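The next block holds one structure in the form of structure tokens; read it before the comments.
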Amino acid sequence: THSSPPFLMAAARVSNEGGDGVVRFPLSPSAALVIQKGDITKWLVDSKTDAIVNPANEQMLGGGGADGAIHRAAGPDLLQACYKVPEVRPGVRCPTGEARITPGFKLPASHVIHTVGPIYNVDSNPQASLRNAYRNSLSVAKENSIQYIAFPAISCGVYGYPFDEAATIAISTVKESSNDFKEVHFVLFSPDIYNVWLNKANEVLKD
Ligand code: AR6
């Protein structure tokens, strides 16, 4: 907005309607991690090499939460594209921890990377599964020459992952692949989760 301090204006390549609290952490001379509040379906960068990550389920045909919002904003073509993703076993297009890419259709983002985080109380190794969801999303992004990518807090809604533990995994995993991207964003809908992520980034990225 017009009232943003100049340093935040410079940091915010994003024009995220309704988004605020944009905080930028430089990871290298050419890469940054950006944490902000907001709705990931509105995330917009001035680039065609961009993607948002959808916290989906293994069936990959939509659902509630962010998944539902992403499908509504993308329009029905997204569901058609999801149907075309081959099943790896009956009813499963994207196993837990893996990732698949589709176009973004009516979304401001050019691509959607669908990933499936663990159901915290069901998965036998939720830490490994959550790390895989972030890692595989980033590697699918890299394979598709994505330079700007936005994540929500995968598994932190319906799937019940504790925020603090999820933040540690999310931020440390992004840090590992920071050289592959210009900007990795976390777009966080819930103020509680935004605060946890910000504190964790200050802790993990301090040096
Ligand atoms: N933008 C950013 N974050 C959002 C948005 C949004 N528009 N809407 C919700 N969130 P969840 P999960 C946050 O439940 O835990 C679906 O039914 C939300 O506040 O969307 O991985 C799928 O189909 C929370 O912090 O995903 C699966 O069945 C975070 O996004 C299942 O839910 C993730 O919450 C996946 O569960």
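Note on naming: chains are A, B, ... as they come in the structure tokens, residues start from 1 per chain, ligands start from 1 in the order shown.
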For region 47-59 of chain A, work out the shell of residues within 6 Å, counting only C-alpha atoms and skipping chain neighbours fewer than 4 positions away, then give it as a PDB file with all heavy atoms, in the first residue's frame.
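To be explicit, this is the file written out as around.pdb:
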```pdb
ATOM      1  N   ASP A  67      -6.715 -25.740  -0.516  1.00  0.00           N
ATOM      2  CA  ASP A  67      -6.999 -26.508  -1.732  1.00  0.00           C
ATOM      3  C   ASP A  67      -8.322 -26.047  -2.367  1.00  0.00           C
ATOM      4  O   ASP A  67      -8.388 -25.757  -3.575  1.00  0.00           O
ATOM      5  CB  ASP A  67      -7.052 -28.002  -1.343  1.00  0.00           C
ATOM      6  CG  ASP A  67      -7.056 -28.951  -2.520  1.00  0.00           C
ATOM      7  OD1 ASP A  67      -6.947 -28.496  -3.678  1.00  0.00           O
ATOM      8  OD2 ASP A  67      -7.162 -30.177  -2.276  1.00  0.00           O
ATOM      9  N   GLY A  91      -7.043 -44.263  -7.157  1.00  0.00           N
ATOM     10  CA  GLY A  91      -7.445 -43.086  -6.398  1.00  0.00           C
ATOM     11  C   GLY A  91      -6.293 -42.190  -5.969  1.00  0.00           C
ATOM     12  O   GLY A  91      -6.524 -41.125  -5.406  1.00  0.00           O
ATOM     13  N   VAL A  92      -5.051 -42.573  -6.234  1.00  0.00           N
ATOM     14  CA  VAL A  92      -3.903 -41.773  -5.773  1.00  0.00           C
ATOM     15  C   VAL A  92      -3.130 -41.194  -6.955  1.00  0.00           C
ATOM     16  O   VAL A  92      -2.502 -41.917  -7.723  1.00  0.00           O
ATOM     17  CB  VAL A  92      -2.946 -42.619  -4.888  1.00  0.00           C
ATOM     18  CG1 VAL A  92      -1.695 -41.816  -4.522  1.00  0.00           C
ATOM     19  CG2 VAL A  92      -3.664 -43.073  -3.618  1.00  0.00           C
ATOM     20  N   ARG A  93      -3.182 -39.878  -7.078  1.00  0.00           N
ATOM     21  CA  ARG A  93      -2.404 -39.172  -8.115  1.00  0.00           C
ATOM     22  C   ARG A  93      -1.105 -38.614  -7.567  1.00  0.00           C
ATOM     23  O   ARG A  93      -0.142 -38.436  -8.289  1.00  0.00           O
ATOM     24  CB  ARG A  93      -3.234 -38.032  -8.728  1.00  0.00           C
ATOM     25  CG  ARG A  93      -4.339 -38.537  -9.600  1.00  0.00           C
ATOM     26  CD  ARG A  93      -5.219 -37.448 -10.169  1.00  0.00           C
ATOM     27  NE  ARG A  93      -6.312 -38.107 -10.872  1.00  0.00           N
ATOM     28  CZ  ARG A  93      -7.334 -38.684 -10.253  1.00  0.00           C
ATOM     29  NH1 ARG A  93      -7.446 -38.630  -8.939  1.00  0.00           N
ATOM     30  NH2 ARG A  93      -8.253 -39.320 -10.948  1.00  0.00           N
ATOM     31  N   CYS A  94      -1.112 -38.296  -6.270  1.00  0.00           N
ATOM     32  CA  CYS A  94       0.082 -37.711  -5.664  1.00  0.00           C
ATOM     33  C   CYS A  94       0.267 -38.303  -4.265  1.00  0.00           C
ATOM     34  O   CYS A  94      -0.377 -37.854  -3.312  1.00  0.00           O
ATOM     35  CB  CYS A  94      -0.047 -36.187  -5.607  1.00  0.00           C
ATOM     36  SG  CYS A  94       1.449 -35.382  -5.003  1.00  0.00           S
ATOM     37  N   PRO A  95       1.142 -39.298  -4.129  1.00  0.00           N
ATOM     38  CA  PRO A  95       1.360 -39.878  -2.797  1.00  0.00           C
ATOM     39  C   PRO A  95       1.904 -38.837  -1.811  1.00  0.00           C
ATOM     40  O   PRO A  95       2.532 -37.854  -2.230  1.00  0.00           O
ATOM     41  CB  PRO A  95       2.404 -40.970  -3.056  1.00  0.00           C
ATOM     42  CG  PRO A  95       2.289 -41.288  -4.509  1.00  0.00           C
ATOM     43  CD  PRO A  95       1.911 -39.993  -5.167  1.00  0.00           C
ATOM     44  N   ALA A 109      -1.099 -16.683 -10.410  1.00  0.00           N
ATOM     45  CA  ALA A 109       0.119 -17.483 -10.576  1.00  0.00           C
ATOM     46  C   ALA A 109       0.013 -18.323 -11.846  1.00  0.00           C
ATOM     47  O   ALA A 109      -1.050 -18.821 -12.192  1.00  0.00           O
ATOM     48  CB  ALA A 109       0.315 -18.395  -9.367  1.00  0.00           C
ATOM     49  N   SER A 110       1.159 -18.499 -12.539  1.00  0.00           N
ATOM     50  CA  SER A 110       1.159 -19.257 -13.801  1.00  0.00           C
ATOM     51  C   SER A 110       1.019 -20.762 -13.600  1.00  0.00           C
ATOM     52  O   SER A 110       0.534 -21.454 -14.478  1.00  0.00           O
ATOM     53  CB  SER A 110       2.468 -19.029 -14.562  1.00  0.00           C
ATOM     54  OG  SER A 110       2.833 -17.693 -14.530  1.00  0.00           O
ATOM     55  N   HIS A 111       1.529 -21.253 -12.468  1.00  0.00           N
ATOM     56  CA  HIS A 111       1.518 -22.690 -12.220  1.00  0.00           C
ATOM     57  C   HIS A 111       1.014 -22.984 -10.815  1.00  0.00           C
ATOM     58  O   HIS A 111       1.136 -22.152  -9.919  1.00  0.00           O
ATOM     59  CB  HIS A 111       2.935 -23.277 -12.319  1.00  0.00           C
ATOM     60  CG  HIS A 111       3.619 -23.002 -13.624  1.00  0.00           C
ATOM     61  ND1 HIS A 111       4.326 -21.839 -13.867  1.00  0.00           N
ATOM     62  CD2 HIS A 111       3.699 -23.742 -14.749  1.00  0.00           C
ATOM     63  CE1 HIS A 111       4.804 -21.879 -15.100  1.00  0.00           C
ATOM     64  NE2 HIS A 111       4.437 -23.012 -15.658  1.00  0.00           N
ATOM     65  N   VAL A 112       0.516 -24.223 -10.652  1.00  0.00           N
ATOM     66  CA  VAL A 112       0.207 -24.730  -9.314  1.00  0.00           C
ATOM     67  C   VAL A 112       1.025 -26.006  -9.119  1.00  0.00           C
ATOM     68  O   VAL A 112       0.997 -26.897  -9.978  1.00  0.00           O
ATOM     69  CB  VAL A 112      -1.288 -25.056  -9.127  1.00  0.00           C
ATOM     70  CG1 VAL A 112      -1.548 -25.622  -7.739  1.00  0.00           C
ATOM     71  CG2 VAL A 112      -2.149 -23.811  -9.357  1.00  0.00           C
ATOM     72  N   ILE A 113       1.755 -26.059  -8.037  1.00  0.00           N
ATOM     73  CA  ILE A 113       2.449 -27.285  -7.666  1.00  0.00           C
ATOM     74  C   ILE A 113       1.661 -27.905  -6.520  1.00  0.00           C
ATOM     75  O   ILE A 113       1.491 -27.294  -5.458  1.00  0.00           O
ATOM     76  CB  ILE A 113       3.914 -27.007  -7.282  1.00  0.00           C
ATOM     77  CG1 ILE A 113       4.658 -26.516  -8.536  1.00  0.00           C
ATOM     78  CG2 ILE A 113       4.569 -28.266  -6.704  1.00  0.00           C
ATOM     79  CD1 ILE A 113       6.064 -26.043  -8.297  1.00  0.00           C
ATOM     80  N   HIS A 114       1.107 -29.077  -6.807  1.00  0.00           N
ATOM     81  CA  HIS A 114       0.273 -29.765  -5.827  1.00  0.00           C
ATOM     82  C   HIS A 114       1.172 -30.691  -5.026  1.00  0.00           C
ATOM     83  O   HIS A 114       1.920 -31.484  -5.601  1.00  0.00           O
ATOM     84  CB  HIS A 114      -0.804 -30.591  -6.537  1.00  0.00           C
ATOM     85  CG  HIS A 114      -1.609 -29.781  -7.523  1.00  0.00           C
ATOM     86  ND1 HIS A 114      -2.846 -29.273  -7.231  1.00  0.00           N
ATOM     87  CD2 HIS A 114      -1.311 -29.364  -8.780  1.00  0.00           C
ATOM     88  CE1 HIS A 114      -3.286 -28.585  -8.279  1.00  0.00           C
ATOM     89  NE2 HIS A 114      -2.377 -28.625  -9.239  1.00  0.00           N
ATOM     90  N   THR A 115       1.090 -30.588  -3.721  1.00  0.00           N
ATOM     91  CA  THR A 115       1.843 -31.527  -2.897  1.00  0.00           C
ATOM     92  C   THR A 115       0.935 -32.028  -1.797  1.00  0.00           C
ATOM     93  O   THR A 115      -0.136 -31.463  -1.547  1.00  0.00           O
ATOM     94  CB  THR A 115       3.128 -30.881  -2.328  1.00  0.00           C
ATOM     95  OG1 THR A 115       3.954 -31.910  -1.759  1.00  0.00           O
ATOM     96  CG2 THR A 115       2.824 -29.842  -1.256  1.00  0.00           C
ATOM     97  N   VAL A 116       1.355 -33.107  -1.155  1.00  0.00           N
ATOM     98  CA  VAL A 116       0.542 -33.688  -0.084  1.00  0.00           C
ATOM     99  C   VAL A 116       1.404 -33.822   1.153  1.00  0.00           C
ATOM    100  O   VAL A 116       2.403 -34.555   1.158  1.00  0.00           O
ATOM    101  CB  VAL A 116      -0.023 -35.067  -0.509  1.00  0.00           C
ATOM    102  CG1 VAL A 116      -0.896 -35.647   0.597  1.00  0.00           C
ATOM    103  CG2 VAL A 116      -0.815 -34.935  -1.805  1.00  0.00           C
ATOM    104  N   ILE A 146      10.901 -22.647 -12.584  1.00  0.00           N
ATOM    105  CA  ILE A 146      10.213 -21.667 -11.743  1.00  0.00           C
ATOM    106  C   ILE A 146      11.263 -20.881 -10.952  1.00  0.00           C
ATOM    107  O   ILE A 146      12.212 -21.465 -10.422  1.00  0.00           O
ATOM    108  CB  ILE A 146       9.269 -22.396 -10.746  1.00  0.00           C
ATOM    109  CG1 ILE A 146       8.227 -23.244 -11.471  1.00  0.00           C
ATOM    110  CG2 ILE A 146       8.626 -21.415  -9.761  1.00  0.00           C
ATOM    111  CD1 ILE A 146       7.244 -22.512 -12.296  1.00  0.00           C
ATOM    112  N   GLN A 147      11.081 -19.564 -10.877  1.00  0.00           N
ATOM    113  CA  GLN A 147      12.025 -18.731 -10.124  1.00  0.00           C
ATOM    114  C   GLN A 147      11.407 -18.094  -8.883  1.00  0.00           C
ATOM    115  O   GLN A 147      12.123 -17.636  -7.996  1.00  0.00           O
ATOM    116  CB  GLN A 147      12.587 -17.650 -11.038  1.00  0.00           C
ATOM    117  CG  GLN A 147      13.469 -18.248 -12.136  1.00  0.00           C
ATOM    118  CD  GLN A 147      14.042 -17.167 -13.021  1.00  0.00           C
ATOM    119  OE1 GLN A 147      13.306 -16.437 -13.667  1.00  0.00           O
ATOM    120  NE2 GLN A 147      15.356 -17.053 -13.021  1.00  0.00           N
ATOM    121  N   TYR A 148      10.077 -18.022  -8.883  1.00  0.00           N
ATOM    122  CA  TYR A 148       9.354 -17.434  -7.749  1.00  0.00           C
ATOM    123  C   TYR A 148       8.310 -18.447  -7.314  1.00  0.00           C
ATOM    124  O   TYR A 148       7.485 -18.887  -8.124  1.00  0.00           O
ATOM    125  CB  TYR A 148       8.640 -16.139  -8.156  1.00  0.00           C
ATOM    126  CG  TYR A 148       9.587 -15.084  -8.658  1.00  0.00           C
ATOM    127  CD1 TYR A 148       9.952 -15.042 -10.003  1.00  0.00           C
ATOM    128  CD2 TYR A 148      10.139 -14.143  -7.791  1.00  0.00           C
ATOM    129  CE1 TYR A 148      10.844 -14.089 -10.469  1.00  0.00           C
ATOM    130  CE2 TYR A 148      11.023 -13.181  -8.250  1.00  0.00           C
ATOM    131  CZ  TYR A 148      11.372 -13.165  -9.592  1.00  0.00           C
ATOM    132  OH  TYR A 148      12.249 -12.209 -10.038  1.00  0.00           O
ATOM    133  N   ILE A 149       8.327 -18.821  -6.041  1.00  0.00           N
ATOM    134  CA  ILE A 149       7.390 -19.849  -5.569  1.00  0.00           C
ATOM    135  C   ILE A 149       6.822 -19.452  -4.216  1.00  0.00           C
ATOM    136  O   ILE A 149       7.535 -18.883  -3.383  1.00  0.00           O
ATOM    137  CB  ILE A 149       8.082 -21.240  -5.536  1.00  0.00           C
ATOM    138  CG1 ILE A 149       7.124 -22.344  -5.086  1.00  0.00           C
ATOM    139  CG2 ILE A 149       9.349 -21.243  -4.684  1.00  0.00           C
ATOM    140  CD1 ILE A 149       7.655 -23.756  -5.315  1.00  0.00           C
ATOM    141  N   ALA A 150       5.534 -19.711  -4.029  1.00  0.00           N
ATOM    142  CA  ALA A 150       4.866 -19.373  -2.768  1.00  0.00           C
ATOM    143  C   ALA A 150       4.259 -20.606  -2.127  1.00  0.00           C
ATOM    144  O   ALA A 150       3.527 -21.356  -2.779  1.00  0.00           O
ATOM    145  CB  ALA A 150       3.771 -18.334  -3.017  1.00  0.00           C
ATOM    146  N   PHE A 151       4.583 -20.798  -0.860  1.00  0.00           N
ATOM    147  CA  PHE A 151       4.046 -21.919  -0.080  1.00  0.00           C
ATOM    148  C   PHE A 151       3.046 -21.426   0.961  1.00  0.00           C
ATOM    149  O   PHE A 151       3.284 -20.382   1.595  1.00  0.00           O
ATOM    150  CB  PHE A 151       5.165 -22.587   0.729  1.00  0.00           C
ATOM    151  CG  PHE A 151       6.104 -23.447  -0.069  1.00  0.00           C
ATOM    152  CD1 PHE A 151       7.307 -22.920  -0.526  1.00  0.00           C
ATOM    153  CD2 PHE A 151       5.807 -24.779  -0.315  1.00  0.00           C
ATOM    154  CE1 PHE A 151       8.193 -23.728  -1.242  1.00  0.00           C
ATOM    155  CE2 PHE A 151       6.685 -25.583  -1.027  1.00  0.00           C
ATOM    156  CZ  PHE A 151       7.877 -25.059  -1.494  1.00  0.00           C
ATOM    157  N   ILE A 154       1.924 -25.955   4.805  1.00  0.00           N
ATOM    158  CA  ILE A 154       1.474 -27.309   4.451  1.00  0.00           C
ATOM    159  C   ILE A 154       1.217 -28.132   5.721  1.00  0.00           C
ATOM    160  O   ILE A 154       2.033 -28.104   6.656  1.00  0.00           O
ATOM    161  CB  ILE A 154       2.537 -28.011   3.576  1.00  0.00           C
ATOM    162  CG1 ILE A 154       2.745 -27.259   2.260  1.00  0.00           C
ATOM    163  CG2 ILE A 154       2.171 -29.475   3.310  1.00  0.00           C
ATOM    164  CD1 ILE A 154       4.001 -27.701   1.504  1.00  0.00           C
TER     165      ILE A 154
END
```
Using the chain letters and numbers from this document, which residues of chain A does DSSP assign to strand (DSSP E), as an MDAnalysis selection string? chainID A and resid 20:28 31:37 50:55 99:103 111:115 148:151 183:188
Please provide the set of residues having any atom within 9 Å of region 121-133 of chain A, restricted to only C-alpha atoms, with same-chain residues fewer than 2 positions apart removed, written as a PyMOL selection string. chain A and resi 96-99+115-119+135-138+154-155+159-161+165-166+169-170+173
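Among A:Val45, A:Val196, A:Leu33, A:Glu87, the residue with the shortest atom-to-atom distance to Pro162 (chain A), counting only C-alpha atoms, is A:Val196.
Non-sequential neighbours of Asn202 (chain A) (distance at most 12 Å, separation of 2 or more positions within a chain, only C-alpha atoms) are Val23, Arg24, Phe25, Pro26, Leu33, Val34, Ile35, Ala167, Thr168, Ile171, Ser172, Asn195, Val196, Trp197, Leu198, Asn199, Lys200, Val204, Leu205, Lys206 and Asp207 of chain A.
Proximity ranking of A:Ala74, A:Leu27, A:Met60, A:Leu44 relative to ligand 1 places A:Met60 first, based on only C-alpha atoms and all ligand atoms.
Shortest atom-to-atom contact with ligand 1 among A:Tyr134, A:Gly21, A:Asp180, A:Val158: A:Val158, counting only C-alpha atoms and all ligand atoms.
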Atom 31 (C, counted along the ligand's line) of ligand 1 sits from CA of Val187 (chain A) at a separation of 16.8 Å
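Checking A:Ala73, A:Ala31, A:Val140, A:Val85 one by one against ligand 1, counting only C-alpha atoms and all ligand atoms, you find the shortest gap at A:Ala73.
Among the candidates A:Pro29, A:Pro103, A:Gly75, A:Gly157, the residue lying nearest to ligand 1 is A:Gly157 (atoms considered: only C-alpha atoms and all ligand atoms).
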DSSP says helix (DSSP H, G or I) for which residues of chain A? Put them as a ChimeraX atom specification? /A:6-11,40-42,65-74,76-83,126-143,163-176,178-180,191-204
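Atom pair CA of Gly65 (chain A) / CA of Tyr83 (chain A) has a distance of 19.7 Å (rounded to one decimal).
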Long-range neighbours of Ala69 (chain A) as a VMD selection string, 12 Å cut-off, only C-alpha atoms, 6 positions minimum in chain: chain A and resid 39 to 42 54 to 56 62 to 63 75 78 107 152 189
Atoms kept (all heavy atoms) for selection, written as a short mmCIF file (atom, residue, chain, number, x, y, z; two decimals), in the first residue's frame:
```cif
data_model
loop_
_atom_site.label_atom_id
_atom_site.label_comp_id
_atom_site.auth_asym_id
_atom_site.auth_seq_id
_atom_site.Cartn_x
_atom_site.Cartn_y
_atom_site.Cartn_z
N ASP A 39 -3.60 -14.26 1.46
CA ASP A 39 -4.32 -15.32 0.75
C ASP A 39 -3.48 -15.74 -0.45
O ASP A 39 -3.22 -14.93 -1.34
CB ASP A 39 -5.66 -14.73 0.30
CG ASP A 39 -6.51 -15.71 -0.50
OD1 ASP A 39 -6.00 -16.76 -0.93
OD2 ASP A 39 -7.70 -15.38 -0.70
N ILE A 40 -3.06 -16.98 -0.46
CA ILE A 40 -2.15 -17.45 -1.51
C ILE A 40 -2.80 -17.41 -2.90
O ILE A 40 -2.10 -17.30 -3.90
CB ILE A 40 -1.60 -18.85 -1.16
CG1 ILE A 40 -0.28 -19.12 -1.89
CG2 ILE A 40 -2.63 -19.95 -1.43
CD1 ILE A 40 0.53 -20.26 -1.30
N THR A 41 -4.11 -17.43 -2.96
CA THR A 41 -4.78 -17.37 -4.28
C THR A 41 -4.65 -15.99 -4.92
O THR A 41 -4.96 -15.83 -6.10
CB THR A 41 -6.28 -17.74 -4.20
OG1 THR A 41 -6.97 -16.71 -3.47
CG2 THR A 41 -6.49 -19.08 -3.52
N LYS A 42 -4.21 -15.00 -4.14
CA LYS A 42 -4.06 -13.64 -4.69
C LYS A 42 -2.60 -13.32 -4.98
O LYS A 42 -2.28 -12.22 -5.44
CB LYS A 42 -4.59 -12.63 -3.66
CG LYS A 42 -6.01 -12.89 -3.21
CD LYS A 42 -6.94 -11.84 -3.77
CE LYS A 42 -8.40 -12.25 -3.71
NZ LYS A 42 -8.90 -12.41 -2.36
N ASN A 54 -0.05 -25.95 -3.66
CA ASN A 54 -1.36 -26.34 -3.15
C ASN A 54 -1.22 -27.49 -2.15
O ASN A 54 -0.75 -28.56 -2.53
CB ASN A 54 -2.25 -26.77 -4.33
CG ASN A 54 -3.64 -27.21 -3.88
OD1 ASN A 54 -4.07 -26.87 -2.77
ND2 ASN A 54 -4.33 -27.96 -4.72
N PRO A 55 -1.64 -27.29 -0.89
CA PRO A 55 -1.60 -28.39 0.09
C PRO A 55 -2.80 -29.31 -0.16
O PRO A 55 -3.86 -29.15 0.42
CB PRO A 55 -1.70 -27.67 1.43
CG PRO A 55 -2.49 -26.43 1.15
CD PRO A 55 -2.19 -26.05 -0.29
N ALA A 56 -2.58 -30.28 -1.04
CA ALA A 56 -3.67 -31.13 -1.53
C ALA A 56 -3.75 -32.42 -0.73
O ALA A 56 -3.11 -32.57 0.32
CB ALA A 56 -3.41 -31.42 -3.01
N GLY A 62 -9.12 -31.72 -5.42
CA GLY A 62 -9.74 -30.64 -4.65
C GLY A 62 -10.11 -31.07 -3.25
O GLY A 62 -9.92 -32.24 -2.88
N GLY A 63 -10.60 -30.12 -2.47
CA GLY A 63 -10.95 -30.38 -1.08
C GLY A 63 -11.31 -29.08 -0.40
O GLY A 63 -11.76 -28.14 -1.04
N GLY A 75 -10.61 -21.85 -11.23
CA GLY A 75 -11.71 -22.22 -12.13
C GLY A 75 -11.66 -23.71 -12.46
O GLY A 75 -10.70 -24.40 -12.13
N LEU A 78 -8.76 -26.28 -13.69
CA LEU A 78 -7.77 -26.89 -12.80
C LEU A 78 -8.16 -28.32 -12.46
O LEU A 78 -7.33 -29.23 -12.47
CB LEU A 78 -7.57 -26.05 -11.53
CG LEU A 78 -6.52 -26.61 -10.56
CD1 LEU A 78 -5.14 -26.74 -11.20
CD2 LEU A 78 -6.42 -25.74 -9.30
N LEU A 107 -5.83 -18.28 -11.94
CA LEU A 107 -5.07 -17.71 -10.81
C LEU A 107 -4.09 -16.65 -11.33
O LEU A 107 -3.63 -16.74 -12.47
CB LEU A 107 -4.26 -18.81 -10.13
CG LEU A 107 -5.01 -19.79 -9.23
CD1 LEU A 107 -4.17 -21.04 -9.03
CD2 LEU A 107 -5.35 -19.14 -7.89
N PRO A 152 2.01 -22.21 1.24
CA PRO A 152 1.22 -22.00 2.46
C PRO A 152 1.88 -22.85 3.56
O PRO A 152 2.92 -23.46 3.32
CB PRO A 152 -0.14 -22.57 2.06
CG PRO A 152 0.22 -23.74 1.19
CD PRO A 152 1.52 -23.35 0.45
N PHE A 189 -2.04 -17.46 6.03
CA PHE A 189 -3.40 -16.99 6.20
C PHE A 189 -3.70 -16.65 7.65
O PHE A 189 -4.40 -15.71 7.95
CB PHE A 189 -4.32 -18.13 5.74
CG PHE A 189 -5.64 -17.72 5.24
CD1 PHE A 189 -5.75 -16.82 4.19
CD2 PHE A 189 -6.80 -18.26 5.78
CE1 PHE A 189 -7.00 -16.46 3.70
CE2 PHE A 189 -8.05 -17.89 5.29
CZ PHE A 189 -8.14 -17.00 4.25
#
```
How many Å separate atom 16 (C, counted along the ligand's line) of ligand 1 from CA of Leu79 (chain A)? 14.2 Å
